[in-house]
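Dropping query_12.csv in here (CSV, C-alpha atoms):
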```csv
chain,number,residue,atom,x,y,z
V,1,MET,CA,0.3,26.0,21.9
V,2,GLY,CA,1.9,23.9,19.2
V,3,PRO,CA,3.9,22.1,18.2
V,4,LEU,CA,2.8,19.5,20.8
V,5,TYR,CA,5.4,16.7,20.7
V,6,PRO,CA,8.5,18.9,20.8
V,7,GLN,CA,7.1,20.5,24.0
V,8,GLU,CA,6.3,17.1,25.4
V,9,ILE,CA,2.6,17.7,25.5
V,10,ILE,CA,2.0,14.4,23.9
V,11,ASN,CA,4.2,11.3,24.4
V,12,SER,CA,6.4,9.6,21.9
V,13,GLU,CA,4.0,6.6,21.3
V,14,PHE,CA,1.1,8.8,20.5
V,15,ASN,CA,3.4,11.0,18.3
V,16,ILE,CA,4.4,7.9,16.2
V,17,LEU,CA,0.7,6.9,15.9
V,18,ILE,CA,0.0,10.4,14.6
V,19,GLY,CA,2.9,9.9,12.1
V,20,LEU,CA,1.3,6.7,10.9
V,21,LEU,CA,-2.1,8.3,10.4
V,22,ILE,CA,-0.6,11.3,8.7
V,23,GLY,CA,1.2,9.0,6.4
V,24,ILE,CA,-2.0,7.2,5.4
V,25,VAL,CA,-3.7,10.5,4.4
V,26,PHE,CA,-0.5,11.6,2.7
V,27,GLY,CA,-0.2,8.4,0.6
V,28,PHE,CA,-3.9,8.5,-0.2
V,29,LEU,CA,-3.8,12.1,-1.4
V,30,LEU,CA,-0.7,11.5,-3.5
V,31,GLU,CA,-2.2,8.4,-5.2
V,32,ALA,CA,-5.6,10.0,-5.6
V,33,SER,CA,-4.0,13.1,-7.2
V,34,GLY,CA,-2.2,11.1,-9.8
V,35,PHE,CA,1.3,11.1,-8.4
V,36,THR,CA,1.7,7.3,-8.9
V,37,ASN,CA,1.5,7.9,-12.6
V,38,THR,CA,5.0,8.6,-13.8
V,39,ARG,CA,3.8,10.2,-17.1
V,40,LYS,CA,1.8,12.8,-15.1
V,41,LEU,CA,4.9,13.6,-13.0
V,42,ALA,CA,7.2,14.0,-16.1
V,43,GLY,CA,4.4,15.9,-17.8
V,44,VAL,CA,5.0,19.1,-15.9
V,45,PHE,CA,8.5,19.4,-17.4
V,46,TYR,CA,7.1,19.0,-21.0
V,47,GLY,CA,3.9,21.0,-20.4
V,48,TYR,CA,1.4,18.3,-21.3
V,49,ASP,CA,0.2,17.8,-17.6
V,50,ALA,CA,0.0,20.6,-15.1
V,51,THR,CA,-1.1,18.4,-12.2
V,52,VAL,CA,2.1,18.5,-10.3
V,53,ILE,CA,2.3,22.3,-10.3
V,54,LYS,CA,-1.4,22.6,-9.2
V,55,VAL,CA,-1.2,20.1,-6.3
V,56,PHE,CA,2.3,21.2,-5.2
V,57,PHE,CA,1.8,24.9,-5.1
V,58,THR,CA,-1.8,24.7,-3.7
V,59,ALA,CA,-0.4,22.5,-0.8
V,60,ALA,CA,2.5,24.8,-0.1
V,61,MET,CA,0.5,28.0,-0.2
V,62,THR,CA,-2.4,26.5,1.9
V,63,ALA,CA,0.1,25.4,4.5
V,64,ALA,CA,2.1,28.7,4.5
V,65,ILE,CA,-1.1,30.8,4.9
V,66,GLY,CA,-2.5,28.5,7.5
V,67,LEU,CA,0.7,28.6,9.5
V,68,LEU,CA,1.0,32.4,9.2
V,69,ILE,CA,-2.5,32.7,10.7
V,70,MET,CA,-1.7,30.2,13.4
V,71,HIS,CA,1.5,32.1,14.2
V,72,TYR,CA,-0.3,35.4,14.5
V,73,MET,CA,-2.9,33.8,16.7
V,74,GLY,CA,-0.2,32.4,18.9
V,75,TRP,CA,-1.2,28.8,18.2
V,76,ILE,CA,2.1,27.5,17.0
V,77,ASP,CA,5.8,28.4,17.3
V,78,VAL,CA,7.3,27.3,14.0
V,79,LYS,CA,10.8,27.7,15.3
V,80,LEU,CA,10.2,24.7,17.6
V,81,THR,CA,9.5,22.4,14.6
V,82,PHE,CA,11.8,20.5,12.3
V,83,TYR,CA,12.6,23.9,10.7
V,84,PRO,CA,15.3,23.2,8.1
V,85,LYS,CA,18.7,24.7,8.5
V,86,THR,CA,20.0,26.2,5.3
V,87,PHE,CA,23.2,25.0,3.7
V,88,TRP,CA,22.8,26.6,0.4
V,89,ILE,CA,25.6,25.1,-1.6
V,90,PRO,CA,24.9,21.4,-1.0
V,91,THR,CA,21.1,22.0,-1.4
V,92,LEU,CA,21.8,23.7,-4.7
V,93,VAL,CA,24.1,20.9,-5.9
V,94,GLY,CA,21.9,18.2,-4.5
V,95,GLY,CA,18.8,19.8,-6.1
V,96,ALA,CA,20.5,19.6,-9.5
V,97,ILE,CA,21.2,15.9,-9.0
V,98,MET,CA,17.6,15.4,-7.9
V,99,GLY,CA,16.4,17.3,-10.9
V,100,ALA,CA,18.3,14.9,-13.2
V,101,GLY,CA,16.9,12.0,-11.2
V,102,PHE,CA,13.4,13.3,-11.6
V,103,ILE,CA,13.7,13.4,-15.4
V,104,ILE,CA,15.6,10.2,-15.9
V,105,GLY,CA,13.7,8.2,-13.2
V,106,GLY,CA,10.3,9.7,-13.5
V,107,PHE,CA,9.6,9.8,-9.7
V,108,CYS,CA,10.8,11.3,-6.5
V,109,PRO,CA,11.2,9.3,-3.3
V,110,GLY,CA,7.6,9.8,-1.9
V,111,THR,CA,5.8,9.3,-5.2
V,112,SER,CA,7.9,6.2,-6.0
V,113,LEU,CA,6.8,4.6,-2.7
V,114,CYS,CA,3.2,5.2,-3.5
V,115,ALA,CA,3.7,3.8,-7.0
V,116,ALA,CA,5.6,0.8,-5.9
V,117,ALA,CA,2.9,0.0,-3.3
V,118,THR,CA,0.3,0.1,-6.0
V,119,GLY,CA,2.1,-2.3,-8.3
V,120,LYS,CA,4.3,-0.2,-10.5
V,121,ILE,CA,7.4,-2.3,-11.3
V,122,ASP,CA,9.4,0.7,-12.5
V,123,ALA,CA,8.8,2.3,-9.1
V,124,ILE,CA,10.1,-0.7,-7.2
V,125,VAL,CA,13.2,-0.7,-9.3
V,126,PHE,CA,13.5,3.1,-8.7
V,127,ILE,CA,13.4,2.5,-4.9
V,128,GLY,CA,16.2,0.0,-5.3
V,129,GLY,CA,18.2,2.7,-7.0
V,130,VAL,CA,17.5,5.2,-4.2
V,131,PHE,CA,18.9,2.8,-1.6
V,132,LEU,CA,21.9,2.1,-3.8
V,133,GLY,CA,22.4,5.9,-4.0
V,134,ILE,CA,22.1,6.3,-0.2
V,135,PHE,CA,24.5,3.4,0.5
V,136,GLY,CA,26.9,4.9,-2.0
V,137,PHE,CA,26.7,8.2,-0.3
V,138,ILE,CA,27.3,6.7,3.1
V,139,PHE,CA,30.3,4.7,1.9
V,140,THR,CA,31.9,7.6,0.1
V,141,TYR,CA,30.9,10.4,2.6
V,142,ASP,CA,34.4,11.2,3.9
V,143,LEU,CA,36.0,10.9,0.6
V,144,LEU,CA,33.6,12.9,-1.6
V,145,PHE,CA,30.8,14.6,0.3
V,146,SER,CA,31.7,15.7,3.9
V,147,ASP,CA,33.2,19.1,3.1
V,148,LEU,CA,30.6,19.9,0.4
V,149,ARG,CA,27.7,18.9,2.6
V,150,MET,CA,28.7,21.2,5.4
V,151,SER,CA,29.5,24.2,3.2
V,152,GLY,CA,27.3,27.3,2.7
V,153,LYS,CA,26.0,27.2,6.2
V,154,MET,CA,23.4,29.8,7.0
V,155,GLY,CA,21.4,28.4,9.9
V,156,ASN,CA,17.6,28.6,10.3
V,157,THR,CA,17.0,31.2,7.6
V,158,ASP,CA,13.6,32.5,6.9
V,159,ILE,CA,13.4,33.5,3.2
V,160,ALA,CA,11.2,36.5,3.9
V,161,GLN,CA,13.6,37.9,6.5
V,162,TRP,CA,16.5,37.1,4.2
V,163,LEU,CA,14.9,39.2,1.4
V,164,GLY,CA,14.1,41.9,3.9
V,165,LEU,CA,10.3,41.4,3.7
V,166,SER,CA,7.6,40.5,6.2
V,167,ASP,CA,6.4,36.9,6.2
V,168,GLY,CA,2.9,38.1,5.2
V,169,LEU,CA,4.1,40.2,2.2
V,170,PHE,CA,6.4,37.3,1.0
V,171,ILE,CA,3.5,34.8,1.1
V,172,PHE,CA,1.2,37.4,-0.6
V,173,ILE,CA,3.8,37.6,-3.5
V,174,MET,CA,4.1,33.9,-3.6
V,175,VAL,CA,0.3,33.5,-3.9
V,176,ILE,CA,0.3,35.8,-6.9
V,177,VAL,CA,3.2,33.8,-8.4
V,178,THR,CA,1.2,30.6,-7.7
V,179,PHE,CA,-1.9,31.9,-9.5
V,180,ALA,CA,0.2,33.1,-12.4
V,181,SER,CA,1.9,29.7,-12.7
V,182,PHE,CA,-1.5,27.9,-12.6
V,183,PHE,CA,-2.6,30.1,-15.5
V,184,VAL,CA,0.6,29.5,-17.6
V,185,PHE,CA,0.8,25.8,-17.0
V,186,GLN,CA,-2.9,25.3,-17.7
V,187,LYS,CA,-2.5,27.1,-21.0
V,188,TRP,CA,0.6,25.0,-21.8
V,189,GLN,CA,-1.3,21.8,-20.9
V,190,ASP,CA,-4.3,22.9,-23.1
V,191,SER,CA,-1.9,23.4,-26.0
V,192,HIS,CA,-0.9,19.8,-25.8
V,193,THR,CA,-4.2,18.1,-24.8
V,194,LYS,CA,-6.2,19.7,-27.7
V,195,ASP,CA,-4.3,17.5,-30.2
V,196,MET,CA,-3.7,14.5,-27.8
V,197,ASN,CA,-5.0,11.1,-28.7
V,198,GLN,CA,-7.8,9.5,-26.6
V,199,ARG,CA,-5.5,6.8,-25.3
V,200,ASP,CA,-3.0,9.2,-23.8
V,201,LEU,CA,-5.8,11.4,-22.4
V,202,ASN,CA,-7.3,8.4,-20.7
V,203,GLU,CA,-4.0,7.3,-19.2
V,204,LEU,CA,-3.3,10.7,-17.9
V,205,GLY,CA,-6.8,11.3,-16.7
V,206,LEU,CA,-7.1,14.5,-18.6
V,207,LYS,CA,-9.7,16.1,-20.8
V,208,LYS,CA,-9.4,18.1,-23.9
V,209,PRO,CA,-9.9,21.9,-23.3
V,210,GLU,CA,-13.5,23.1,-23.6
O,1,MET,CA,-27.9,20.3,-34.0
O,2,SER,CA,-29.2,22.3,-31.1
O,3,ASN,CA,-26.7,23.4,-28.4
O,4,LYS,CA,-28.5,21.3,-25.8
O,5,ARG,CA,-28.4,18.2,-27.9
O,6,LYS,CA,-24.7,18.8,-28.7
O,7,LYS,CA,-23.9,19.0,-25.0
O,8,ARG,CA,-25.7,15.7,-24.3
O,9,THR,CA,-24.0,13.7,-27.0
O,10,LYS,CA,-20.6,15.1,-25.9
O,11,TRP,CA,-21.3,14.0,-22.4
O,12,LEU,CA,-22.2,10.5,-23.6
O,13,LYS,CA,-19.1,10.3,-25.7
O,14,ASN,CA,-17.0,11.3,-22.7
O,15,PHE,CA,-18.7,8.7,-20.5
O,16,LYS,CA,-18.0,6.0,-23.0
O,17,PHE,CA,-14.4,6.8,-23.2
O,18,ASN,CA,-14.0,7.5,-19.5
O,19,LYS,CA,-15.0,4.0,-18.6
O,20,ARG,CA,-11.4,2.9,-19.1
O,21,SER,CA,-9.7,6.2,-18.2
O,22,ASN,CA,-7.8,7.0,-15.0
O,23,LYS,CA,-9.9,9.0,-12.5
O,24,TYR,CA,-8.0,11.4,-10.3
O,25,ILE,CA,-9.3,13.9,-7.7
O,26,ASN,CA,-9.3,17.6,-8.5
O,27,SER,CA,-5.7,18.8,-8.3
O,28,TYR,CA,-6.6,21.9,-6.2
O,29,VAL,CA,-8.7,19.9,-3.8
O,30,GLY,CA,-5.9,17.4,-3.4
O,31,GLY,CA,-3.4,20.2,-2.9
O,32,PHE,CA,-5.6,22.0,-0.3
O,33,PHE,CA,-5.9,18.8,1.8
O,34,LEU,CA,-2.2,18.2,1.5
O,35,GLY,CA,-1.6,21.7,2.8
O,36,LEU,CA,-3.9,21.1,5.8
O,37,LEU,CA,-2.0,17.8,6.4
O,38,ILE,CA,1.3,19.7,6.6
O,39,ILE,CA,-0.2,22.0,9.2
O,40,VAL,CA,-1.4,19.0,11.2
O,41,ALA,CA,2.0,17.3,11.1
O,42,LEU,CA,3.7,20.5,12.2
O,43,TYR,CA,1.2,21.2,15.0
O,44,PHE,CA,1.2,17.7,16.5
O,45,SER,CA,4.7,16.3,15.8
O,46,GLY,CA,6.7,19.3,14.7
O,47,GLU,CA,7.6,17.3,11.6
O,48,GLY,CA,7.3,18.1,7.9
O,49,LEU,CA,5.9,15.5,5.5
O,50,GLY,CA,9.1,13.8,4.5
O,51,SER,CA,10.2,10.8,2.4
O,52,SER,CA,14.0,10.6,2.0
O,53,GLY,CA,14.6,10.9,5.7
O,54,GLY,CA,12.7,7.6,6.2
O,55,TYR,CA,14.6,6.0,3.4
O,56,ARG,CA,17.8,7.0,5.1
O,57,ASP,CA,16.6,5.6,8.5
O,58,VAL,CA,15.9,2.2,6.8
O,59,ALA,CA,19.4,2.3,5.1
O,60,VAL,CA,21.0,3.1,8.5
O,61,ALA,CA,19.1,0.2,10.2
O,62,VAL,CA,20.3,-2.2,7.5
O,63,LEU,CA,23.9,-1.2,7.8
O,64,ASP,CA,23.6,-1.4,11.6
O,65,LYS,CA,22.4,-5.0,11.3
O,66,VAL,CA,24.8,-6.1,8.6
O,67,THR,CA,28.0,-4.4,9.7
O,68,PRO,CA,27.5,-2.7,13.1
O,69,GLU,CA,31.1,-1.8,13.6
O,70,TYR,CA,31.4,0.0,10.3
O,71,ALA,CA,28.0,1.7,10.8
O,72,HIS,CA,29.0,3.1,14.2
O,73,ASN,CA,32.3,4.3,13.0
O,74,ASN,CA,31.0,5.9,9.8
O,75,SER,CA,31.2,9.7,10.2
O,76,TYR,CA,27.8,10.3,8.4
O,77,ILE,CA,25.6,7.8,10.1
O,78,GLY,CA,27.6,7.0,13.3
O,79,PRO,CA,26.2,10.0,15.2
O,80,ARG,CA,22.7,8.8,14.5
O,81,LEU,CA,23.4,5.4,16.0
O,82,ALA,CA,25.2,6.8,19.0
O,83,THR,CA,21.9,7.4,20.8
O,84,GLY,CA,21.3,3.7,21.0
O,85,GLU,CA,17.7,3.9,19.9
O,86,SER,CA,16.7,1.9,16.8
O,87,PRO,CA,16.7,4.1,13.7
O,88,LEU,CA,13.5,2.4,12.6
O,89,LYS,CA,11.6,3.7,15.6
O,90,SER,CA,11.4,7.1,13.9
O,91,TRP,CA,8.4,9.3,13.1
O,92,LEU,CA,9.4,9.3,9.4
O,93,VAL,CA,9.5,5.5,9.1
O,94,PHE,CA,6.0,5.2,10.6
O,95,GLU,CA,4.8,8.0,8.3
O,96,LEU,CA,6.2,6.0,5.3
O,97,ILE,CA,4.4,2.8,6.4
O,98,GLY,CA,1.3,4.9,6.5
O,99,VAL,CA,2.0,6.3,3.0
O,100,ILE,CA,2.2,2.7,1.7
O,101,MET,CA,-1.2,1.9,3.3
O,102,GLY,CA,-2.8,5.1,2.1
O,103,ALA,CA,-1.6,4.7,-1.5
O,104,ILE,CA,-2.9,1.1,-1.6
O,105,LEU,CA,-6.3,2.3,-0.2
O,106,SER,CA,-6.6,5.0,-2.8
O,107,ALA,CA,-5.5,2.7,-5.7
O,108,ALA,CA,-8.0,0.1,-4.6
O,109,ILE,CA,-10.9,2.6,-4.5
O,110,PHE,CA,-10.0,4.0,-7.9
O,111,ASN,CA,-9.3,0.6,-9.4
O,112,ARG,CA,-5.6,1.2,-10.1
O,113,LEU,CA,-4.1,-1.7,-8.2
O,114,HIS,CA,-2.3,-3.5,-11.1
O,115,LEU,CA,1.1,-4.9,-11.6
O,116,ARG,CA,2.6,-2.9,-14.6
O,117,ILE,CA,5.4,-0.7,-15.8
O,118,GLY,CA,4.6,3.0,-16.1
O,119,LYS,CA,6.3,4.7,-19.0
O,120,ALA,CA,5.7,6.6,-22.2
O,121,PRO,CA,4.3,4.2,-24.8
O,122,HIS,CA,7.3,4.4,-27.2
O,123,LEU,CA,9.9,3.5,-24.6
O,124,THR,CA,10.8,-0.2,-24.2
O,125,ASP,CA,10.3,-1.8,-20.8
O,126,LYS,CA,14.0,-2.6,-20.4
O,127,LYS,CA,15.0,1.0,-21.1
O,128,ARG,CA,12.4,2.2,-18.7
O,129,LEU,CA,13.7,0.0,-15.9
O,130,TRP,CA,17.3,1.1,-16.5
O,131,PHE,CA,16.4,4.7,-16.4
O,132,ALA,CA,14.3,4.1,-13.2
O,133,VAL,CA,17.3,2.6,-11.4
O,134,ILE,CA,19.6,5.4,-12.6
O,135,GLY,CA,17.1,8.1,-11.6
O,136,GLY,CA,16.7,6.4,-8.2
O,137,ILE,CA,20.5,6.4,-7.6
O,138,LEU,CA,20.7,10.1,-8.4
O,139,TRP,CA,17.9,10.7,-5.9
O,140,GLY,CA,19.6,8.7,-3.2
O,141,VAL,CA,22.8,10.8,-3.5
O,142,GLY,CA,20.9,14.1,-4.1
O,143,THR,CA,18.7,13.8,-1.1
O,144,GLN,CA,21.5,13.1,1.3
O,145,LEU,CA,23.6,15.9,-0.1
O,146,GLY,CA,20.8,18.4,-0.3
O,147,ARG,CA,19.1,17.5,3.0
O,148,GLY,CA,15.8,16.2,1.8
O,149,CYS,CA,13.6,15.6,-1.2
O,150,THR,CA,10.6,17.2,-2.8
O,151,SER,CA,8.4,16.5,0.3
O,152,GLY,CA,10.6,17.1,3.3
O,153,LEU,CA,12.9,19.8,1.9
O,154,VAL,CA,10.8,21.6,-0.6
O,155,LEU,CA,7.1,21.2,0.2
O,156,SER,CA,7.4,21.3,4.0
O,157,GLY,CA,10.3,23.9,3.7
O,158,MET,CA,8.1,26.2,1.7
O,159,ALA,CA,5.3,25.8,4.2
O,160,VAL,CA,7.5,27.3,6.9
O,161,ASN,CA,9.1,29.9,4.6
O,162,SER,CA,12.5,28.4,4.9
O,163,LEU,CA,15.2,29.6,2.5
O,164,SER,CA,16.4,26.0,2.2
O,165,GLY,CA,13.0,24.9,0.8
O,166,TYR,CA,13.0,27.6,-1.8
O,167,ILE,CA,16.6,26.8,-2.9
O,168,GLY,CA,15.5,23.2,-3.2
O,169,LEU,CA,12.5,24.2,-5.3
O,170,ILE,CA,14.4,26.4,-7.7
O,171,SER,CA,17.2,23.8,-8.0
O,172,ILE,CA,15.2,20.7,-8.4
O,173,PHE,CA,12.6,22.2,-10.8
O,174,GLY,CA,15.1,24.6,-12.5
O,175,PHE,CA,17.6,21.9,-13.3
O,176,GLY,CA,14.7,19.6,-14.0
O,177,PHE,CA,13.6,21.7,-16.9
O,178,ILE,CA,17.2,21.8,-18.2
O,179,PHE,CA,17.6,18.0,-18.0
O,180,ALA,CA,14.1,17.7,-19.5
O,181,ILE,CA,15.5,19.1,-22.8
O,182,ILE,CA,18.5,16.7,-22.7
O,183,PHE,CA,16.5,13.6,-21.9
O,184,LYS,CA,13.4,14.5,-24.0
O,185,SER,CA,13.4,11.1,-25.8
O,186,ILE,CA,12.5,9.3,-22.6
O,187,TRP,CA,9.1,10.9,-22.4
O,188,ILE,CA,8.3,12.4,-25.8
O,189,LYS,CA,8.3,10.4,-29.0
O,190,THR,CA,10.5,12.2,-31.4
O,191,ASN,CA,10.3,11.5,-35.1
O,192,LYS,CA,13.7,10.6,-36.4
```

Go ahead and render the structure in this file as structure tokens.
Amino acid sequence: MGPLYPQEIINSEFNILIGLLIGIVFGFLLEASGFTNTRKLAGVFYGYDATVIKVFFTAAMTAAIGLLIMHYMGWIDVKLTFYPKTFWIPTLVGGAIMGAGFIIGGFCPGTSLCAAATGKIDAIVFIGGVFLGIFGFIFTYDLLFSDLRMSGKMGNTDIAQWLGLSDGLFIFIMVIVTFASFFVFQKWQDSHTKDMNQRDLNELGLKKPE
Amino acid sequence: MSNKRKKRTKWLKNFKFNKRSNKYINSYVGGFFLGLLIIVALYFSGEGLGSSGGYRDVAVAVLDKVTPEYAHNNSYIGPRLATGESPLKSWLVFELIGVIMGAILSAAIFNRLHLRIGKAPHLTDKKRLWFAVIGGILWGVGTQLGRGCTSGLVLSGMAVNSLSGYIGLISIFGFGFIFAIIFKSIWIKTNK
């Protein structure tokens, strides 16, 4: 039963090799899906490109459904994984800062790494900024962030349990939300691409609606 | 013109234009395989697909090298160095090395391996680079405060139904849409 490494079924060298291989596929899929193109990433916020929503929600729902099935079959114990502890206040505040960073910088940390690796100069500069931010955070941690970061502690909280639903029902609702969002964002994208010039369409890898 | 004929000319027209256009894989296919990859990562390593954690490990290693005494006494990163193991020998760092390799591979296959600045056409290069560095700084702070980024916190968090992941999703994208209005001129050409 999984997860394997946390239960010492595989050793740490093999685990790290797995990490490298997973990273290769991760980087490939991000690049191939268009996540090195900063205009595509920003496009989700202005409606002209729905790629981020499609890729992101398809991935999250595929994984959630797969893990739910594996959980019922007794193939994996999710509570033995990295399962994130919830500190709702710093995550909410940090999320707002990241949201601003997304719009101003046009990347997130993972996508900027892919973009920098494939020659995007703006992404290399962005990564420099990320490190400046992390160093700044470390240097000012006691002064500014230590209390805030530890506030709103809720432990390993499952959102379905927190809402009083079963995991299955919650995922079912999320799948409906996902399909609805695909529909809405596709319509929004179409409303932009129908009048878009060919140069922009080419750069974004999009087509006019049929 | 007959319908069939129309279809054919349209296809030809697309082909002509598409010669210089970016080709990306279908978004749903990409997302599906990304979802499977999250399951593989969780099953073998018990890890989510993360990015900012690896960035932090690198930052910690740099501080440990440059100013070891300060790094060990720092209340944020000190506990991480206390184990004695190099912060670079982490799953996330090796995953990020893989990400670099995978991205280069894909860009090489799809002929996108060029040195250039990505931006909206109306924005100057200088402005774009300033915005990129400011955005990066915000991410650096936000990820450490919020415990992860769009991959490790939100995507992987959503996969395991964690409340934290959904708070991150709503916050990053919710505030993103608000900031999108404020900073519209970075991405959309507005007629003044």

Give one line per residue of stretch 23-136 of chain V that approaches stretch 160-169 of chain O to at most 9 Å, naming the two atoms of the closest pair and their distance in Å to one decimal, counting all atoms listed in the file; sort by chain then ascending residue number and deliver it as CSV.
```
residue,atom,partner,partner_atom,distance
V:Ala60,CA,O:Val160,CA,9.0
V:Ala63,CA,O:Val160,CA,8.0
V:Ala64,CA,O:Val160,CA,6.1
V:Leu67,CA,O:Val160,CA,7.4
V:Leu68,CA,O:Val160,CA,8.6
V:Val78,CA,O:Val160,CA,7.1
V:Tyr83,CA,O:Val160,CA,7.2
V:Pro84,CA,O:Ser164,CA,6.6
V:Lys85,CA,O:Ser164,CA,6.8
V:Thr86,CA,O:Ser164,CA,4.8
V:Phe87,CA,O:Ser164,CA,7.0
V:Trp88,CA,O:Ser164,CA,6.7
V:Thr91,CA,O:Gly168,CA,6.0
V:Leu92,CA,O:Ile167,CA,6.3
V:Gly94,CA,O:Gly168,CA,8.2
V:Gly95,CA,O:Gly168,CA,5.6
V:Ala96,CA,O:Gly168,CA,8.8
```

Spatial neighbours of stretch 35-44 of chain O, 7 Å, all atoms listed in the file, chain gap at least 5 places, as a count of residues only
14

Given only C-alpha atoms as the basis, pick out the residue of V:Leu20, V:Ile138, V:Gly105, V:Glu203 nearest to V:Ala123.
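Looking at the shortest contact to V:Ala123, the residue is V:Gly105.
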
I'd like to know which of V:Asp122, V:Asp147, V:Asp190, V:Glu210 is closest to O:Arg116, using all atoms listed in the file.
V:Asp122

Within 10 Å of file point (-0.7, 12.7, -1.1), counting all atoms listed in the file, expressed as a PDB file with C-alpha atoms, in the frame of the given file:
```pdb
ATOM      1  CA  ILE V  22      -0.600  11.300   8.700  1.00  0.00           C
ATOM      2  CA  GLY V  23       1.200   9.000   6.400  1.00  0.00           C
ATOM      3  CA  ILE V  24      -2.000   7.200   5.400  1.00  0.00           C
ATOM      4  CA  VAL V  25      -3.700  10.500   4.400  1.00  0.00           C
ATOM      5  CA  PHE V  26      -0.500  11.600   2.700  1.00  0.00           C
ATOM      6  CA  GLY V  27      -0.200   8.400   0.600  1.00  0.00           C
ATOM      7  CA  PHE V  28      -3.900   8.500  -0.200  1.00  0.00           C
ATOM      8  CA  LEU V  29      -3.800  12.100  -1.400  1.00  0.00           C
ATOM      9  CA  LEU V  30      -0.700  11.500  -3.500  1.00  0.00           C
ATOM     10  CA  GLU V  31      -2.200   8.400  -5.200  1.00  0.00           C
ATOM     11  CA  ALA V  32      -5.600  10.000  -5.600  1.00  0.00           C
ATOM     12  CA  SER V  33      -4.000  13.100  -7.200  1.00  0.00           C
ATOM     13  CA  GLY V  34      -2.200  11.100  -9.800  1.00  0.00           C
ATOM     14  CA  PHE V  35       1.300  11.100  -8.400  1.00  0.00           C
ATOM     15  CA  THR V  36       1.700   7.300  -8.900  1.00  0.00           C
ATOM     16  CA  VAL V  55      -1.200  20.100  -6.300  1.00  0.00           C
ATOM     17  CA  PHE V  56       2.300  21.200  -5.200  1.00  0.00           C
ATOM     18  CA  ALA V  59      -0.400  22.500  -0.800  1.00  0.00           C
ATOM     19  CA  GLY V 110       7.600   9.800  -1.900  1.00  0.00           C
ATOM     20  CA  THR V 111       5.800   9.300  -5.200  1.00  0.00           C
ATOM     21  CA  CYS V 114       3.200   5.200  -3.500  1.00  0.00           C
TER      22      CYS V 114
ATOM     23  CA  GLY O  30      -5.900  17.400  -3.400  1.00  0.00           C
ATOM     24  CA  GLY O  31      -3.400  20.200  -2.900  1.00  0.00           C
ATOM     25  CA  PHE O  33      -5.900  18.800   1.800  1.00  0.00           C
ATOM     26  CA  LEU O  34      -2.200  18.200   1.500  1.00  0.00           C
ATOM     27  CA  GLY O  35      -1.600  21.700   2.800  1.00  0.00           C
ATOM     28  CA  LEU O  37      -2.000  17.800   6.400  1.00  0.00           C
ATOM     29  CA  LEU O  49       5.900  15.500   5.500  1.00  0.00           C
ATOM     30  CA  VAL O  99       2.000   6.300   3.000  1.00  0.00           C
ATOM     31  CA  GLY O 102      -2.800   5.100   2.100  1.00  0.00           C
ATOM     32  CA  ALA O 103      -1.600   4.700  -1.500  1.00  0.00           C
ATOM     33  CA  SER O 106      -6.600   5.000  -2.800  1.00  0.00           C
ATOM     34  CA  SER O 151       8.400  16.500   0.300  1.00  0.00           C
TER      35      SER O 151
END
```

Chain V proximity check over O:Gly54, O:Asn191, O:Gly148, O:Leu113, using only C-alpha atoms: winner is O:Leu113

What's around stretch 139-147 of chain O at 8 Å? Count all atoms listed in the file, leave out sequence neighbours fewer than 2 positions away in its own chain, and write the answer as JSON, numbers by chain.
{"V": [90, 91, 92, 93, 94, 95, 96, 97, 98, 101, 102, 108, 109, 129, 130, 131, 132, 133, 134, 136, 137, 145, 149], "O": [52, 135, 136, 137, 149, 153, 168]}

Out of V:Thr178, V:Ser166, V:Thr58, V:Asn197, which residue has the shortest atom-to-atom distance to chain O when counting only C-alpha atoms?
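Looking only at the distances to chain O, the closest residue turns out to be V:Thr58.
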
Closest to chain V among O:His122, O:Lys65, O:Arg56, O:Lys189, using all atoms listed in the file?
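Ranked by minimum distance to chain V, first place goes to O:Arg56.
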
Residue nearest O:Gly84 among O:Val29, O:Ile100, O:Val66, O:Ala61 (counting only C-alpha atoms)
O:Ala61

Please list, as a ChimeraX atom specification, the residues that have an atom at most 12 Å away from (3.8, -4.9, -12.8) in the coordinates of this file, counting all atoms listed in the file.
/V:115-125 /O:112-119,125,129

Do you have the atom CA of O:Ile178-atom CA of V:Leu144 distance handy?
25.0 Å

Residues at most 12 Å from V:Ile16, counting only C-alpha atoms, excluding those fewer than 6 positions away in the same chain, as an MDAnalysis selection string?
(chainID V and resid 5 10 22:23) or (chainID O and resid 41 44:47 88:98)

Could you please take those selected residues and save C-alpha atoms as a CSV table (one decimal), in the frame of the given file?
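Result file selection22.csv:
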```csv
chain,number,residue,atom,x,y,z
V,5,TYR,CA,5.4,16.7,20.7
V,10,ILE,CA,2.0,14.4,23.9
V,22,ILE,CA,-0.6,11.3,8.7
V,23,GLY,CA,1.2,9.0,6.4
O,41,ALA,CA,2.0,17.3,11.1
O,44,PHE,CA,1.2,17.7,16.5
O,45,SER,CA,4.7,16.3,15.8
O,46,GLY,CA,6.7,19.3,14.7
O,47,GLU,CA,7.6,17.3,11.6
O,88,LEU,CA,13.5,2.4,12.6
O,89,LYS,CA,11.6,3.7,15.6
O,90,SER,CA,11.4,7.1,13.9
O,91,TRP,CA,8.4,9.3,13.1
O,92,LEU,CA,9.4,9.3,9.4
O,93,VAL,CA,9.5,5.5,9.1
O,94,PHE,CA,6.0,5.2,10.6
O,95,GLU,CA,4.8,8.0,8.3
O,96,LEU,CA,6.2,6.0,5.3
O,97,ILE,CA,4.4,2.8,6.4
O,98,GLY,CA,1.3,4.9,6.5
```
